[in-house]
Amino acid sequence: MCGILGILSQDLPHATAIREALNSIKHRGPDDEGYVFFNIAGNSAVEASGGESNREFKESSINVLDVDSSDFHVVLGNRRLAIIGLSPAGHQPMGFDNGNLWITYNGEIFNYRELRRELQTRGYHFSSDTDTEVILAAYSKWGEDCVNRFNGQWAFCIYDKRKKRLFCSRDRFGIKPFYYWFDGEHFAFASEIKALLTIPFVKREINKELMCELIVFHMMHHSEESMYKGIYQLLPSHNLAFDLDRQGISITRYYELSYTNELGRYDERQAYKYADDIRDLLIDAVKVRLISDVPVGSCLSGGLDSSSIVAIINRLLREGAIDENAIGQKQKTFTASFDDPFIDETPYAEEVIKYTGVESFFVYPTADGLWMELDNFLFYHDELCKNTNIYAGWDVMRLASRHVKVVLNGQGGDELFGGYPQYEPVYLADMMRKMRVKDLCLSLSGESKRYGLKRSFSDCVMGGYLAFIPDSLKGFLFKERNRKQLRHIEHLLGELDFDESGVKRMTDRTRSLNYLLYCDITRDYLRELLKDDDRNASAFSIENRVPFLDHRLVEYVSGIPSIYKIYNGWSKWLPRLAMRDLLPEKILWRNDKIGFATPVEGWMRHKDSPIPFIMFQYGLRGKIPYFLWKFYLVQRLLARHEQDVSA
């Protein structure tokens, strides 16, 4: 993980402002600091160091504060977190091909060694053992199509001096962030919004419509917009090119996930075939994400996904299939624990710890901690956080940072295999539309045995609603249900039109289970979670890796009919089968998924919480805690924004 920055302008900001922008994200890369300035007309480049550059580079380069930025038109900056290739040879921005290509890069390419060997057979030579240099060589050989050969997580910008263009790319599922500003005259990009906001020509204007979307539709990352007008995010699976001669950008999609809409007919032998393939793919996805020159650990909640990763690493260690230097003789796991027994998953985490013999560490998030460090927490997140469970993840990452520099977690497993309770009604609706009475009865019967008749009946009713009520009526009912919330929001944001496209987006996604999973993976829900994970990890200068989002695994599972994903009332049916010989029964067949919850009601009514006053001030009595949380954050952000503008 690193922090990246780039500015293109006929009137570059002063070097002091450039360094300030990069240093605002130094938490993403405390190990090194670097800059390279380009004069387009003279086709020249000057490398510069900062106060925290590595000693070797600092001694051989000019200090960035001594650079007269008015002589240049483009600058790239990088704050490095050294994970692979720890030597100074991995310094960024990195040049290649006699200085014709330069890159600032955040992420990891997990198949870089295979690509390096292939490129060596094609005549390329390397001076470092980094994936960064492999990206440059791959671009030199295959051009913009190189990204289709990468298995990894990335956000980068390559300056191609010969073509006089910037080539930027973001990974398939948006694990790594990339924000940019372009007003027709100035172009800038960075890993985080806060870096862009320090640049003089970037305006600060709150995107009130997007904040409304967060409160009403619970989404902020469904489009390229950000919380600030004019600041956009490059969407996952997209490239951005800036032509320096034409002074314009072009954005193209390089990857599209395909999926099947088929419900299918259940066959037991086929189910085990799918499960075995999934296990093999997941094992390899975990294995390649253990490639590191620094210590690696795992987040462990006690759920099926994180437990599967821990169990797979444990097996790889026993078999001697991975480098023990990165993991240690025992892998380290990090878990959040709570006093509330209704949300605490500690007993399940302890079951995995006992079963695998890992070295375990626990942290205990509290309301005291949340309200005491809320300012710091929100600073690192930039944008609003829709749930308080993000703070629990923050505490886990802080704990992990004391022991390792890389963590693996189970993010993406629920969206891939249908793990959330809201997926069940959509699955039932699919069967109702297709008149699959036997399968419907089997699913409802299994669900009632495991979760009770009340939930089974509720899901059946909701399934009927989704299957047979026209979308136009669904949209009308959705609007009516949320109109009261909208009126509360207008106290803060002013009069707003109800977003019809948002309503259509919410109703359209329920057409089938596999389509809903596709939407959650590629369009909105997962993007929110990945953003939160990235900011939590980067705040404590560690890298977060997500094996369930290995594109090979995602593509395979997306092609499986939905009847294999929820079967006989069991969610995540295939990963349960896949892990049958690697996990204890208590984990494998648990049916009380909690979903990394926090005691939100107690936290909202804590003695240090401003929420009770907000409820009284705006007449919000009876509102659900998460609405109150988001409402408070919006109010707080607007007040802070007004102070900043006044200052």
# chains A, B, ... in the order shown; residues from 1 in each chain; ligands from 1
call {"tool": "residues_around", "arguments": {"residues": "Pro421 (chain A)", "least_positions_apart": "2", "cutoff": "12 Å", "atoms": "only C-alpha atoms", "output": "short mmCIF file (atom, residue, chain, number, x, y, z; two decimals) with N, CA and C atoms, in the first residue's frame"}}
result
data_model
loop_
_atom_site.label_atom_id
_atom_site.label_comp_id
_atom_site.auth_asym_id
_atom_site.auth_seq_id
_atom_site.Cartn_x
_atom_site.Cartn_y
_atom_site.Cartn_z
N ASP A 414 -19.46 -12.76 1.52
CA ASP A 414 -20.93 -12.70 1.60
C ASP A 414 -21.53 -12.29 0.26
N GLU A 415 -20.93 -11.31 -0.39
CA GLU A 415 -21.46 -10.84 -1.68
C GLU A 415 -21.25 -11.88 -2.77
N PHE A 417 -21.15 -15.33 -2.28
CA PHE A 417 -21.86 -16.59 -2.06
C PHE A 417 -23.26 -16.43 -1.49
N GLY A 418 -23.74 -15.21 -1.30
CA GLY A 418 -25.10 -15.01 -0.81
C GLY A 418 -25.22 -15.17 0.69
N GLY A 419 -24.39 -14.45 1.45
CA GLY A 419 -24.34 -14.68 2.88
C GLY A 419 -25.23 -13.80 3.73
N TYR A 423 -30.59 -11.62 1.10
CA TYR A 423 -30.53 -12.36 -0.16
C TYR A 423 -31.63 -13.42 -0.26
N GLU A 424 -32.08 -13.93 0.89
CA GLU A 424 -33.06 -15.03 0.89
C GLU A 424 -34.37 -14.66 0.19
N PRO A 425 -35.00 -13.50 0.50
CA PRO A 425 -36.26 -13.17 -0.20
C PRO A 425 -36.09 -13.04 -1.71
N VAL A 426 -34.96 -12.53 -2.16
CA VAL A 426 -34.72 -12.41 -3.61
C VAL A 426 -34.62 -13.79 -4.24
N TYR A 427 -33.97 -14.70 -3.54
CA TYR A 427 -33.85 -16.09 -4.00
C TYR A 427 -35.23 -16.76 -4.05
N LEU A 428 -36.04 -16.54 -3.01
CA LEU A 428 -37.39 -17.11 -2.99
C LEU A 428 -38.25 -16.52 -4.11
N GLU A 447 -35.24 -23.15 6.20
CA GLU A 447 -35.04 -21.87 6.87
C GLU A 447 -35.80 -21.83 8.19
N TYR A 451 -33.94 -20.92 11.53
CA TYR A 451 -34.10 -19.54 11.98
C TYR A 451 -35.47 -19.26 12.59
N ARG A 455 -39.23 -15.84 10.83
CA ARG A 455 -38.36 -15.33 9.76
C ARG A 455 -38.70 -15.98 8.43
N SER A 456 -38.98 -17.27 8.45
CA SER A 456 -39.33 -17.97 7.20
C SER A 456 -40.58 -17.36 6.58
N SER A 458 -41.76 -14.32 7.09
CA SER A 458 -41.44 -12.95 6.66
C SER A 458 -40.72 -12.96 5.31
N ASP A 459 -39.75 -13.85 5.15
CA ASP A 459 -39.01 -13.93 3.89
C ASP A 459 -39.91 -14.38 2.75
N MET A 462 -42.00 -11.36 1.75
CA MET A 462 -41.16 -10.42 1.00
C MET A 462 -40.82 -10.98 -0.38
N ILE A 566 -27.75 -20.70 -2.17
CA ILE A 566 -28.61 -20.84 -0.99
C ILE A 566 -29.39 -22.13 -1.20
N GLY A 569 -32.37 -23.75 2.80
CA GLY A 569 -32.37 -22.77 3.88
C GLY A 569 -31.00 -22.36 4.38
N TRP A 570 -29.94 -22.97 3.80
CA TRP A 570 -28.57 -22.63 4.20
C TRP A 570 -28.00 -21.58 3.25
N SER A 571 -27.60 -20.45 3.80
CA SER A 571 -26.86 -19.49 2.99
C SER A 571 -25.43 -20.00 2.81
N LYS A 572 -24.73 -19.47 1.82
CA LYS A 572 -23.31 -19.81 1.57
C LYS A 572 -23.09 -21.34 1.55
N ASN A 591 -25.47 -20.98 12.21
CA ASN A 591 -26.58 -20.35 11.49
C ASN A 591 -27.01 -19.04 12.15
N ASP A 592 -26.11 -18.45 12.94
CA ASP A 592 -26.46 -17.21 13.62
C ASP A 592 -25.53 -16.08 13.20
N LYS A 593 -25.36 -15.95 11.89
CA LYS A 593 -24.46 -14.93 11.38
C LYS A 593 -24.83 -13.56 11.94
N ILE A 594 -23.81 -12.84 12.44
CA ILE A 594 -24.02 -11.53 13.07
C ILE A 594 -23.62 -10.40 12.13
N GLY A 595 -22.54 -10.59 11.39
CA GLY A 595 -22.15 -9.57 10.41
C GLY A 595 -21.34 -8.43 10.99
#
call {"tool": "residues_around", "arguments": {"residues": "Leu416 (chain A)", "least_positions_apart": "3", "cutoff": "8 Å", "atoms": "only C-alpha atoms", "output": "MDAnalysis selection string"}}
result
chainID A and resid 412:413 419 517 521 548 554 557:558
call {"tool": "closest_atom_pairs", "arguments": {"of": "region 292-366 of chain A", "to": "region 391-403 of chain A", "cutoff": "12 Å", "atoms": "only C-alpha atoms", "output": "tab-separated table"}}
result
residue	atom	partner	partner_atom	distance
A:Val294	CA	A:His403	CA	10.6
A:Pro295	CA	A:His403	CA	7.8
A:Val296	CA	A:His403	CA	8.7
A:Gly297	CA	A:Ala400	CA	7.5
A:Ser298	CA	A:Ala400	CA	8.4
A:Cys299	CA	A:Val396	CA	7.5
A:Leu300	CA	A:Val396	CA	9.4
A:Ser301	CA	A:Val396	CA	10.0
A:Ala326	CA	A:His403	CA	11.8
A:Ile327	CA	A:His403	CA	10.9
A:Gly328	CA	A:His403	CA	11.2
A:Gln331	CA	A:His403	CA	10.8
A:Lys332	CA	A:His403	CA	8.1
A:Thr333	CA	A:Ala400	CA	8.0
A:Phe334	CA	A:Ala400	CA	6.2
A:Thr335	CA	A:Val396	CA	6.3
A:Ala336	CA	A:Val396	CA	6.1
A:Ser337	CA	A:Ala392	CA	9.0
A:Phe338	CA	A:Ala392	CA	9.7
A:Asp344	CA	A:Ala392	CA	11.8
A:Glu359	CA	A:His403	CA	10.9
A:Ser360	CA	A:Ala400	CA	10.4
A:Phe361	CA	A:Leu399	CA	7.8
A:Phe362	CA	A:Leu399	CA	7.8
A:Val363	CA	A:Val396	CA	6.5
A:Tyr364	CA	A:Asp395	CA	7.9
A:Pro365	CA	A:Ala392	CA	5.7
A:Thr366	CA	A:Ala392	CA	8.5
call {"tool": "write_last_selection", "arguments": {"atoms": "C-alpha atoms", "output": "mmCIF file, in the first residue's frame"}}
result
data_model
loop_
_atom_site.group_PDB
_atom_site.id
_atom_site.type_symbol
_atom_site.label_atom_id
_atom_site.label_comp_id
_atom_site.auth_asym_id
_atom_site.auth_seq_id
_atom_site.Cartn_x
_atom_site.Cartn_y
_atom_site.Cartn_z
ATOM 1 C CA VAL A 294 7.165 -8.226 5.810
ATOM 2 C CA PRO A 295 5.010 -9.999 8.458
ATOM 3 C CA VAL A 296 1.466 -11.037 7.478
ATOM 4 C CA GLY A 297 -1.509 -11.740 9.762
ATOM 5 C CA SER A 298 -5.269 -12.324 9.496
ATOM 6 C CA CYS A 299 -8.423 -10.623 10.714
ATOM 7 C CA LEU A 300 -10.651 -13.193 12.426
ATOM 8 C CA SER A 301 -14.288 -12.496 13.267
ATOM 9 C CA ALA A 326 6.446 -13.795 6.391
ATOM 10 C CA ILE A 327 3.996 -15.655 8.634
ATOM 11 C CA GLY A 328 6.135 -16.957 11.464
ATOM 12 C CA GLN A 331 0.065 -17.105 12.110
ATOM 13 C CA LYS A 332 -1.314 -14.159 14.073
ATOM 14 C CA THR A 333 -5.036 -13.372 14.180
ATOM 15 C CA PHE A 334 -6.825 -10.193 15.283
ATOM 16 C CA THR A 335 -10.379 -10.140 16.647
ATOM 17 C CA ALA A 336 -12.848 -7.563 17.986
ATOM 18 C CA SER A 337 -14.724 -8.622 21.117
ATOM 19 C CA PHE A 338 -17.765 -7.057 22.842
ATOM 20 C CA ASP A 344 -20.124 -10.904 20.366
ATOM 21 C CA GLU A 359 -1.387 -16.845 18.040
ATOM 22 C CA SER A 360 -4.427 -14.712 18.807
ATOM 23 C CA PHE A 361 -4.910 -11.069 19.804
ATOM 24 C CA PHE A 362 -8.154 -9.385 20.903
ATOM 25 C CA VAL A 363 -9.325 -5.775 21.039
ATOM 26 C CA TYR A 364 -12.407 -4.422 22.802
ATOM 27 C CA PRO A 365 -14.034 -1.474 20.969
ATOM 28 C CA THR A 366 -16.117 0.770 23.242
#
call {"tool": "closest_residue", "arguments": {"among": "A:Asn151, A:Asn389, A:Gln617, A:Ser292", "to": "Asp532 (chain A)", "atoms": "only C-alpha atoms"}}
result
A:Asn389
call {"tool": "closest_residue", "arguments": {"among": "A:Asp129, A:Asn568, A:Glu383, A:Tyr618", "to": "Cys441 (chain A)", "atoms": "only C-alpha atoms"}}
result
A:Asn568
call {"tool": "closest_residue", "arguments": {"among": "A:Glu262, A:Asp323, A:Asp608, A:Glu108", "to": "Ala155 (chain A)", "atoms": "only C-alpha atoms"}}
result
A:Glu108
call {"tool": "closest_residue", "arguments": {"among": "A:Pro470, A:Gly3, A:Gly248, A:Gly143", "to": "Glu185 (chain A)", "atoms": "only C-alpha atoms"}}
result
A:Gly248
call {"tool": "select_by_dssp", "arguments": {"residues": "region 177-419 of chain A", "states": "strand (DSSP E or B)", "output": "PyMOL selection string"}}
result
chain A and resi 179-182+187-190+206+225+228+231-233+238-243+248-253+296-299+332-336+359-363+406-408
call {"tool": "closest_atom_pairs", "arguments": {"of": "region 124-203 of chain A", "to": "region 87-92 of chain A", "cutoff": "8 Å", "atoms": "only C-alpha atoms", "output": "Markdown table"}}
result
| residue | atom | partner | partner_atom | distance |
| --- | --- | --- | --- | --- |
| A:Ser127 | CA | A:Ala89 | CA | 7.4 |
| A:Ser128 | CA | A:Ala89 | CA | 5.6 |
| A:Asp129 | CA | A:Gly90 | CA | 7.7 |
| A:Thr130 | CA | A:Gly90 | CA | 6.3 |
| A:Thr132 | CA | A:Gly90 | CA | 7.5 |
call {"tool": "write_last_selection", "arguments": {"atoms": "N, CA and C atoms", "output": "PDB file, in the first residue's frame"}}
result
ATOM      1  N   SER A 127      16.008  -4.174 -12.563  1.00  0.00           N
ATOM      2  CA  SER A 127      17.029  -3.765 -11.601  1.00  0.00           C
ATOM      3  C   SER A 127      16.531  -3.829 -10.166  1.00  0.00           C
ATOM      4  N   SER A 128      15.287  -4.276  -9.967  1.00  0.00           N
ATOM      5  CA  SER A 128      14.737  -4.416  -8.613  1.00  0.00           C
ATOM      6  C   SER A 128      13.881  -5.674  -8.555  1.00  0.00           C
ATOM      7  N   ASP A 129      13.567  -6.102  -7.338  1.00  0.00           N
ATOM      8  CA  ASP A 129      12.682  -7.254  -7.156  1.00  0.00           C
ATOM      9  C   ASP A 129      11.311  -6.757  -6.718  1.00  0.00           C
ATOM     10  N   THR A 130      10.728  -5.850  -7.489  1.00  0.00           N
ATOM     11  CA  THR A 130       9.446  -5.245  -7.126  1.00  0.00           C
ATOM     12  C   THR A 130       8.408  -5.498  -8.206  1.00  0.00           C
ATOM     13  N   THR A 132       6.364  -3.183  -8.882  1.00  0.00           N
ATOM     14  CA  THR A 132       6.260  -1.871  -9.530  1.00  0.00           C
ATOM     15  C   THR A 132       6.973  -1.871 -10.877  1.00  0.00           C
TER      16      THR A 132
END
call {"tool": "closest_residue", "arguments": {"among": "A:Ser562, A:Trp629, A:Arg590, A:Glu345", "to": "Ser609 (chain A)", "atoms": "only C-alpha atoms"}}
result
A:Trp629
call {"tool": "residues_around", "arguments": {"residues": "Arg246 (chain A)", "least_positions_apart": "3", "cutoff": "10 Å", "atoms": "only C-alpha atoms", "output": "count of residues only"}}
result
5
call {"tool": "residues_around", "arguments": {"residues": "Cys2 (chain A)", "least_positions_apart": "6", "cutoff": "12 Å", "atoms": "only C-alpha atoms", "output": "ChimeraX atom specification"}}
result
/A:22-23,25-34,77-84,90-93,104-108,132,153-156,176-178,190-192,534-535,537-539,541-544
call {"tool": "residues_around", "arguments": {"residues": "region 194-206 of chain A", "least_positions_apart": "3", "cutoff": "6 Å", "atoms": "only C-alpha atoms", "output": "tab-separated table (two decimals) with N, CA and C atoms, in the first residue's frame"}}
result
chain	number	residue	atom	x	y	z
A	21	ALA	N	0.40	18.42	0.13
A	21	ALA	CA	-0.63	17.51	-0.39
A	21	ALA	C	-0.21	16.06	-0.21
A	24	SER	N	-0.20	14.87	3.46
A	24	SER	CA	-1.51	14.66	4.08
A	24	SER	C	-1.91	13.19	4.04
A	228	TYR	N	-17.48	15.60	-2.37
A	228	TYR	CA	-17.18	16.97	-2.80
A	228	TYR	C	-17.44	17.10	-4.30
A	229	LYS	N	-18.19	18.12	-4.68
A	229	LYS	CA	-18.48	18.33	-6.10
A	229	LYS	C	-17.19	18.62	-6.86
call {"tool": "atom_distance", "arguments": {"atom1": "CA of Gly264 (chain A)", "atom2": "CA of Pro561 (chain A)"}}
result
5.2 Å
call {"tool": "residues_around", "arguments": {"residues": "Ser44 (chain A)", "least_positions_apart": "6", "cutoff": "12 Å", "atoms": "only C-alpha atoms", "output": "PDB file with C-alpha atoms, in the first residue's frame"}}
result
ATOM      1  CA  VAL A  36       9.444  13.666 -10.071  1.00  0.00           C
ATOM      2  CA  PHE A  37       8.766  16.877 -12.035  1.00  0.00           C
ATOM      3  CA  PHE A  38       8.353  17.028 -15.821  1.00  0.00           C
ATOM      4  CA  ASP A  71       9.505  25.442 -14.636  1.00  0.00           C
ATOM      5  CA  PHE A  72       7.396  22.279 -14.856  1.00  0.00           C
ATOM      6  CA  HIS A  73       3.944  21.140 -15.936  1.00  0.00           C
ATOM      7  CA  VAL A  74       3.541  17.683 -14.348  1.00  0.00           C
ATOM      8  CA  VAL A  75       4.509  16.273 -10.966  1.00  0.00           C
ATOM      9  CA  ASN A  98      15.719   5.186 -19.923  1.00  0.00           C
ATOM     10  CA  GLY A  99      13.295   7.519 -18.204  1.00  0.00           C
ATOM     11  CA  ASN A 100      10.586   7.339 -20.873  1.00  0.00           C
ATOM     12  CA  LYS A 161       6.925  10.732 -22.087  1.00  0.00           C
ATOM     13  CA  ARG A 162       6.940   9.546 -25.719  1.00  0.00           C
ATOM     14  CA  LYS A 164       2.823  12.668 -23.801  1.00  0.00           C
TER      15      LYS A 164
END
call {"tool": "select_by_dssp", "arguments": {"residues": "region 39-265 of chain A", "states": "helix (DSSP H, G or I)", "output": "ChimeraX atom specification"}}
result
/A:55-60,64-66,69-71,88-90,112-121,131-149,193-197,208-217
